[in-house]
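**Q** Please see the structure below; I have some questions.
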Amino acid sequence: MADKPKKLTYETYLGLDKLLKCQELESEKAGNRVAEEHLFIIVHQGFEIWFKQILEDFKGVIDILKEPKIEERTHLSGITTKLGRCILILKVVIQHFEIIETMPPAVFLNFRKYLKSGSGFQSLQFRQIENTLGLRPETREQDQPGKDYKDALNTEQSELAKDSEKGDTLFSVAETWLKNVFGTYVRDRVQYFNVLSEMMKTWAEDTTMEEHHRGNKEAFDKILKEDTYETIPDRRLTFEAFHGALLISLYQDEPEFQSAYHTIKLFMDIDSLVSKWRHTHVLMVHRMLGKKTGTGGSSGYDYLKRTNQDKYRVFMEFFNMGAYLIPEEYKKGKKPYSVPESVGGI
């Protein structure tokens with residue numbers, strides 16, 4: 001007789017029989033149980049559970065933005081829901097550090113030795129989050145000369161990390177989407193660049209305000225020609241994608257661009273919160289360890305501090321967009337774009 005199917009209950013559905021038994025204290029195994037190690041495990045398991053959901057939502061956003069045509073109602077709304085949820089999750093995981101900081105550094109030392117080579121440096125999912133955002137391998141800081149972050153992972157994890165380096169990223173699909181926005185709304189490029197140039201010229205020559213409040217025409221002119229745009233330091237977006245983002249930002253209050261601008265803002269919020277997670281992590285490690293070597297043999301605080309810098313911010317160009325915005329009073333008159341009748345959204 002076949003075994004009777006196991007009854008689905010709250011416990012079996014959530015796998016609580018396994019989940020609540022996977023907090024194994026190394027200090028207890030060594031016969032010297034340190035109660036605070038239980039908190040340490042719970043907080044880090046919480047990180048990893050939430051990282052799993054972030055990766056799930058990142059994949060969903062990538063799949064949507066890979067659609068051949070992006071419709072505002074059916075696509076951008078789905079994207080904003082998923083990105084908005086990731087933002088809330090990141091805010092929650094950053095607060096986890098406040099919980100772990102209730103444990104005094106001296107108490108952490110009481111069980112740290114039992115962790116041996118185990119380290120957050122070995123978190124595959126956080127590396128996948130960075131890679132799926134669009135952090136480039138060559139941008140990463142090395143903990144030690146000649147050492148790749150994948151060297152700290154086991155063989156299977158290393159392969160998964162490599163796959164996440166090669167796959168589509170939020171940056172790459174956003175770039176393609178923005179390029180399509182530019183191509184859809186700007187049919188006459190000469191007119192587009194002429195209108196923007198004239199707007200900036202009027203602002204730059206407005207003598208009713210102090211000079212430092214006027215438009216910077218020299219800097220603006222660099223983004224109007226592809227050859228000079230290519231010379232901008234740390235540029236990642238293609239020329240067309242940059243102007244797709246600029247167009248959306250300049251006319252963010254227009255009905256055709258409101259959802260698109262909200263999407264750009266959410267990408268910026270994600271980038272900000274990942275940076276904030278790194279910064280908070282650095283401070284927590286410094287509080288707990290000072291400048292000691294990290295638990296897994298990394299340089300600890302000194303290494304983490306090097307990862308908390310602008311080159312780790314994937315959507316930096318969205319933040320820089322503020323330097324190219326033009327006040328409303330200078331945008332009156334002919335718009336540099338047109339809305340095709342066939343467009344139901346972007």
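Labels for the structure tokens follow display order: chains A, B, ..., residues from 1 in each chain, ligands from 1.
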If you take only C-alpha atoms and a cut-off of 12 Å, which residues of stretch 48-148 of chain A touch stretch 301-322 of chain A, and what are their nearest atom pairs and distances in Å to one decimal, in chain and number order, as JSON lines?

**A**
{"residue": "A:Gly120", "atom": "CA", "partner": "A:Leu304", "partner_atom": "CA", "distance": 11.1}
{"residue": "A:Phe121", "atom": "CA", "partner": "A:Leu304", "partner_atom": "CA", "distance": 9.6}
{"residue": "A:Ile129", "atom": "CA", "partner": "A:Val314", "partner_atom": "CA", "distance": 11.6}
{"residue": "A:Glu130", "atom": "CA", "partner": "A:Tyr312", "partner_atom": "CA", "distance": 8.7}
{"residue": "A:Asn131", "atom": "CA", "partner": "A:Val314", "partner_atom": "CA", "distance": 9.8}
{"residue": "A:Thr132", "atom": "CA", "partner": "A:Val314", "partner_atom": "CA", "distance": 10.3}
{"residue": "A:Leu133", "atom": "CA", "partner": "A:Val314", "partner_atom": "CA", "distance": 6.9}
{"residue": "A:Gly134", "atom": "CA", "partner": "A:Val314", "partner_atom": "CA", "distance": 6.1}
{"residue": "A:Leu135", "atom": "CA", "partner": "A:Val314", "partner_atom": "CA", "distance": 5.9}
{"residue": "A:Arg136", "atom": "CA", "partner": "A:Val314", "partner_atom": "CA", "distance": 8.6}
{"residue": "A:Pro137", "atom": "CA", "partner": "A:Tyr312", "partner_atom": "CA", "distance": 10.4}
{"residue": "A:Glu138", "atom": "CA", "partner": "A:Lys311", "partner_atom": "CA", "distance": 10.4}
{"residue": "A:Thr139", "atom": "CA", "partner": "A:Lys311", "partner_atom": "CA", "distance": 6.7}
{"residue": "A:Arg140", "atom": "CA", "partner": "A:Thr307", "partner_atom": "CA", "distance": 7.4}
{"residue": "A:Glu141", "atom": "CA", "partner": "A:Thr307", "partner_atom": "CA", "distance": 6.4}
{"residue": "A:Gln142", "atom": "CA", "partner": "A:Tyr303", "partner_atom": "CA", "distance": 7.8}
{"residue": "A:Asp143", "atom": "CA", "partner": "A:Tyr303", "partner_atom": "CA", "distance": 5.7}
{"residue": "A:Gln144", "atom": "CA", "partner": "A:Tyr303", "partner_atom": "CA", "distance": 8.7}
{"residue": "A:Pro145", "atom": "CA", "partner": "A:Tyr303", "partner_atom": "CA", "distance": 11.6}

**Q** I'd like the neighbourhood of A:Leu266 as a list of chain:residue names, where a residue qualifies if any of its atoms comes within 9 Å (using only C-alpha atoms), though same-chain residues fewer than 5 positions away should be ignored.

**A**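 Skipping anything fewer than 5 positions along the chain leaves A:Thr80, A:Leu83, A:Gly84, A:Ile87, A:Tyr261, A:Asp271.
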
**Q** Could you save the residues just selected, with C-alpha atoms, as a CSV table (one decimal), in the first residue's frame?

**A**
chain,number,residue,atom,x,y,z
A,80,THR,CA,7.9,49.2,-10.1
A,83,LEU,CA,11.7,47.1,-7.5
A,84,GLY,CA,9.6,48.7,-4.8
A,87,ILE,CA,13.7,48.6,-1.7
A,261,TYR,CA,10.9,58.4,-14.5
A,271,ASP,CA,21.7,51.4,-5.8

**Q** Just want the 7 Å neighbourhood of A:Gly244, counted on only C-alpha atoms, with same-chain residues fewer than 3 positions away dropped. Output as number ranges by chain.

**A** A: 178-179, 181-182, 240-241, 247-248

**Q** Just the residues within 12 Å of stretch 14-24 of chain A, please, counting only C-alpha atoms, with nothing from its chain fewer than 5 positions along; format it as a ChimeraX atom specification.

**A** /A:8-9,29-30,33-46,49,114-115

**Q** Deliver the residues from the most recent selection as a file, using N, CA, C and O atoms, as a compact mmCIF listing (two decimals), in the first residue's frame.

**A**
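Once written, again_13.txt looks like this:
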# COMPACT_ATOMS: atom_id res chain seq x y z
N LEU A 8 -0.74 18.70 4.46
CA LEU A 8 -0.14 20.02 4.37
C LEU A 8 -0.60 20.88 5.53
O LEU A 8 -1.79 21.11 5.74
N THR A 9 0.35 21.31 6.31
CA THR A 9 0.06 22.19 7.45
C THR A 9 0.95 23.42 7.37
O THR A 9 1.84 23.51 6.50
N LYS A 29 28.81 22.89 20.15
CA LYS A 29 29.46 21.65 19.73
C LYS A 29 30.81 21.48 20.43
O LYS A 29 31.23 20.35 20.71
N ALA A 30 31.45 22.60 20.71
CA ALA A 30 32.76 22.55 21.38
C ALA A 30 32.63 22.45 22.89
O ALA A 30 33.63 22.42 23.61
N ARG A 33 28.93 26.57 25.14
CA ARG A 33 27.84 27.29 24.47
C ARG A 33 27.83 28.78 24.84
O ARG A 33 27.80 29.15 26.01
N VAL A 34 27.85 29.61 23.77
CA VAL A 34 27.72 31.07 23.92
C VAL A 34 26.36 31.43 23.33
O VAL A 34 26.15 31.34 22.12
N ALA A 35 25.44 31.84 24.17
CA ALA A 35 24.06 32.06 23.75
C ALA A 35 23.94 33.06 22.60
O ALA A 35 23.09 32.91 21.72
N GLU A 36 24.79 34.09 22.59
CA GLU A 36 24.69 35.14 21.57
C GLU A 36 25.02 34.62 20.18
O GLU A 36 24.68 35.26 19.18
N GLU A 37 25.65 33.45 20.07
CA GLU A 37 25.92 32.87 18.76
C GLU A 37 24.61 32.54 18.05
O GLU A 37 24.53 32.58 16.82
N HIS A 38 23.59 32.21 18.83
CA HIS A 38 22.27 31.92 18.24
C HIS A 38 21.75 33.16 17.50
O HIS A 38 21.24 33.06 16.37
N LEU A 39 21.88 34.34 18.10
CA LEU A 39 21.47 35.58 17.46
C LEU A 39 22.29 35.82 16.19
O LEU A 39 21.74 36.20 15.15
N PHE A 40 23.58 35.59 16.27
CA PHE A 40 24.49 35.79 15.15
C PHE A 40 24.03 34.95 13.95
O PHE A 40 23.98 35.43 12.81
N ILE A 41 23.67 33.71 14.21
CA ILE A 41 23.22 32.81 13.14
C ILE A 41 21.89 33.27 12.57
O ILE A 41 21.70 33.35 11.35
N ILE A 42 20.94 33.58 13.44
CA ILE A 42 19.60 34.00 13.01
C ILE A 42 19.68 35.23 12.10
O ILE A 42 19.03 35.29 11.04
N VAL A 43 20.46 36.23 12.49
CA VAL A 43 20.57 37.46 11.70
C VAL A 43 21.13 37.16 10.31
O VAL A 43 20.62 37.64 9.29
N HIS A 44 22.18 36.34 10.24
CA HIS A 44 22.79 36.04 8.95
C HIS A 44 21.90 35.14 8.09
O HIS A 44 21.87 35.28 6.86
N GLN A 45 21.18 34.25 8.72
CA GLN A 45 20.21 33.46 7.95
C GLN A 45 19.10 34.37 7.41
O GLN A 45 18.62 34.17 6.29
N GLY A 46 18.72 35.37 8.21
CA GLY A 46 17.74 36.36 7.75
C GLY A 46 18.24 37.10 6.52
O GLY A 46 17.50 37.32 5.55
N ILE A 49 17.93 34.70 3.46
CA ILE A 49 16.54 34.48 3.03
C ILE A 49 16.04 35.68 2.23
O ILE A 49 15.43 35.54 1.16
N TYR A 114 35.39 29.72 17.11
CA TYR A 114 34.76 28.48 16.66
C TYR A 114 34.28 28.56 15.21
O TYR A 114 33.95 27.55 14.60
N LEU A 115 34.24 29.78 14.66
CA LEU A 115 33.77 29.94 13.28
C LEU A 115 34.85 29.56 12.28
O LEU A 115 34.56 29.39 11.09

**Q** Can you list, as a list in words, every protein, DNA or RNA residue that comes within 10 Å of A:Glu56 when you count only C-alpha atoms, leaving out same-chain residues fewer than 6 positions away?

**A**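 These residues fall inside the cut-off: Trp50, Lys82 and Cys86 of chain A.
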
**Q** If we count only C-alpha atoms and set the cut-off at 9 Å, which residues sit around A:Leu237, ignoring sequence neighbours fewer than 6 positions away in its own chain? Please answer as a list of chain:residue names.

**A**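 Residues near the query, excluding close chain neighbours: A:Phe171, A:Ser172, A:Glu175, A:Glu317.
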
**Q** With only C-alpha atoms as the atoms that count, which of A:Ile62, A:Leu273, A:Gly183, A:Ser27 lies nearest to A:Asn110?

**A**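 Once distances to A:Asn110 are computed over only C-alpha atoms, the minimum belongs to A:Ser27.
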
**Q** Would you mind telling me which residue in A:Leu25, A:Ala323, A:Tyr251, A:Val92 lies nearest to A:Glu218 when using only C-alpha atoms?

**A**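 Looking at the shortest contact to A:Glu218, the residue is A:Ala323.
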
**Q** For A:Leu109, list every protein, DNA or RNA residue within 10 Å, evaluated using only C-alpha atoms, and leave out those in the same chain fewer than 5 positions away; present the list as a list in words.

**A** Pro104, Tyr114, Met288 and Leu289 of chain A

**Q** Could those residues be written to a file, using C-alpha atoms, as a CSV table (one decimal), in the first residue's frame?

**A**
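Once everything was written out, this is again01.csv:
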chain,number,residue,atom,x,y,z
A,104,PRO,CA,28.8,43.4,22.7
A,114,TYR,CA,34.8,28.5,16.7
A,288,MET,CA,33.1,44.3,16.4
A,289,LEU,CA,36.6,43.7,15.2

**Q** From the set A:Leu250, A:Met200, A:Val190, A:Ala152, which residue has the shortest atom-to-atom contact distance to A:Ser119, counting only C-alpha atoms?

**A**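 When distances to A:Ser119 are compared using only C-alpha atoms, the smallest one comes from A:Ala152.
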
**Q** Please report, as a PyMOL selection string, each residue of stretch 134-233 of chain A to which DSSP assigns alpha helix (DSSP H) when run on this structure's backbone.

**A** chain A and resi 155-166+170-185+189-204+217-222+226-229

**Q** For A:Arg189, which of A:Gln125, A:Ser249, A:Ser338, A:Asn32 is the closest residue, counting only C-alpha atoms?

**A**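 Closest to A:Arg189 of all the choices is A:Ser338.
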
**Q** Atom CA of A:Val61 and atom CA of A:Arg278, how far apart in Å?

**A**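 Separation of atom CA of A:Arg278 and atom CA of A:Val61: 22.9 Å.
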
**Q** Identify which of the residues A:Val274, A:Met268, A:Ile223, A:Val282 lies closest to A:Gly300, counting only C-alpha atoms when measuring atom-to-atom distances.

**A**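 The closest residue to A:Gly300 is A:Val282.
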
**Q** Between atom CA of A:Lys116 and atom CA of A:Lys52, measure the distance and give it in Å to one decimal.

**A**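 Between these atoms lies a distance of 25.3 Å.
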
**Q** Which residue out of A:Phe193, A:Phe111, A:Phe97, A:Phe58 has the minimum interatomic distance to A:Trp277 when only C-alpha atoms are used?

**A** A:Phe97

**Q** If I take atom CA of A:Tyr10 and atom CA of A:Val93, how far is one from the other in Å, to one decimal?

**A**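 Going from atom CA of A:Tyr10 over to atom CA of A:Val93, I get 24.8 Å.
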